[in-house]
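Peer 1: Pasting a structure here, questions to come.
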Amino acid sequence: MSLDRYRHIVVEGPIGVGKTSFARRLAERLNGELLLEAPQENPFLEKFYREGSRHALATQLFFLFQRVEQLRGLTQFDFFERHVVCDFLLDKDPLFARLTLSDDEYALYRNIFDHVQPQAPQPDLVILLQAPTPVLFERIKRRGIAMEQGISEEYLERLAESYSRAFYDYDAAPLLIVNTEALNPVDRESDFDLLLERIAAMRSRREFFNIA
């Protein structure tokens, strides 16, 4: 089993699906660089989860500038030397913005996004992790991050639907969509190996992986 053709891999998915934990495991297995979003550094995020739209624009812009800065370094990275695994795709940033901002705020955000978006290389593979909303909700409650405990199932449902719409037409890179309802590649070694085998076996630009 070889993943050598995938030098730049992005793991994506809604809150609670396990994308960061899986990205960590994948980078470790590949002996690669790990590039993670850093929500704990966003001073507006807890306020957004607590009070909603009042802090949505500030939250979104902080994340945008943070991710742009993180991705600038990829233009100088030698992908032949090491793998890079990221747990965010800048192309999906407008997804959250459209979900949380008013029309006027979104227009402002979109203008800024178009001006600051870096010319970062497209990934060789995007892995989109999915799970039903009740599963996401339970995982969030179980991991017990304080500022996430106010997230509602309604918000998670809207977020999951937004991800589905955003990636429905995504074709900038090969895409593997993975249903993690019954698959646990973070905590079960056998499931992690199974998913890596599925990745290595990909032959088309868009594939799905689901186990009963």
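By order in the structure tokens, chains are A, B, ...; within a chain, residues start at 1; ligands start at 1, following the order shown.
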If you take only C-alpha atoms and a cut-off of 10 Å, which residues of region 53-118 of chain A touch region 20-25 of chain A, and what are their nearest atom pairs and distances in Å to one decimal, in chain and number order, as CSV?
Peer 2:
residue,atom,partner,partner_atom,distance
A:Val84,CA,A:Ala23,CA,9.9
A:Val85,CA,A:Ala23,CA,6.3
A:Cys86,CA,A:Ala23,CA,6.7
A:Asp87,CA,A:Thr20,CA,5.6
A:Phe88,CA,A:Thr20,CA,8.8
Peer 1: What are the closest atom pairs, with distances in Å to one decimal, for each residue of region 88-187 of chain A lying within 8 Å of region 198-205 of chain A, using only C-alpha atoms, rows by chain and rising residue number, as a Markdown table?
Peer 2:
| residue | atom | partner | partner_atom | distance |
| --- | --- | --- | --- | --- |
| A:Asp171 | CA | A:Arg205 | CA | 7.7 |
| A:Ala173 | CA | A:Arg205 | CA | 7.1 |
| A:Pro174 | CA | A:Arg205 | CA | 4.2 |
| A:Leu175 | CA | A:Arg205 | CA | 5.9 |
| A:Leu176 | CA | A:Ile199 | CA | 7.5 |
Peer 1: Quick one: residues within 10 Å of Glu181 (chain A), only C-alpha atoms counted, chain neighbours fewer than 2 positions away excluded, as number ranges by chain?
Peer 2: A: 17, 129-136, 178-179, 183-184, 210-212
Peer 1: Between A:Tyr106, A:Phe77, A:Tyr168, A:Phe65, which one has atoms that come closest to Arg7 (chain A), using only C-alpha atoms?
Peer 2: A:Phe77
Peer 1: Report, in Å to a single decimal, how far apart CA of His55 (chain A) and CA of Ile112 (chain A) are.
Peer 2: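 Going from CA of Ile112 (chain A) over to CA of His55 (chain A) covers 17.2 Å.
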Peer 1: From the set A:Tyr155, A:Gln76, A:Gly18, A:Asn31, which residue has the shortest atom-to-atom contact distance to Gly52 (chain A), counting only C-alpha atoms?
Peer 2: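 Result for the nearest residue to Gly52 (chain A): A:Tyr155.
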Peer 1: Could you tell me how far CA of Gly150 (chain A) lies from CA of Gln66 (chain A), in Å and to one decimal?
Peer 2: 23.9 Å
Peer 1: Can you tell me, as a VMD selection string, which residues in region 2-209 of chain A count as helix (DSSP H, G or I) by DSSP?
Peer 2: chain A and resid 19 to 30 39 to 41 45 to 76 90 to 100 103 to 116 133 to 143 146 to 148 153 to 168 189 to 200
Peer 1: Give me the region 138-192 of chain A side of the contact with region 33-47 of chain A, cut-off 12 Å, one line per residue showing its nearest atom pair and distance in Å at one decimal, counting only C-alpha atoms, sorted by chain and residue number, as JSON lines.
Peer 2:
{"residue": "A:Ile145", "atom": "CA", "partner": "A:Gln40", "partner_atom": "CA", "distance": 10.5}
{"residue": "A:Ala146", "atom": "CA", "partner": "A:Glu46", "partner_atom": "CA", "distance": 8.8}
{"residue": "A:Met147", "atom": "CA", "partner": "A:Glu46", "partner_atom": "CA", "distance": 5.3}
{"residue": "A:Glu148", "atom": "CA", "partner": "A:Glu46", "partner_atom": "CA", "distance": 7.8}
{"residue": "A:Gln149", "atom": "CA", "partner": "A:Glu46", "partner_atom": "CA", "distance": 10.1}
{"residue": "A:Gly150", "atom": "CA", "partner": "A:Glu46", "partner_atom": "CA", "distance": 9.5}
{"residue": "A:Ile151", "atom": "CA", "partner": "A:Glu46", "partner_atom": "CA", "distance": 10.5}
Peer 1: Give the answer as one residue: which of A:Thr180, A:Arg142, A:Pro14, A:Pro121 has the shortest atom-to-atom distance to Asp78 (chain A), using only C-alpha atoms?
Peer 2: A:Pro121
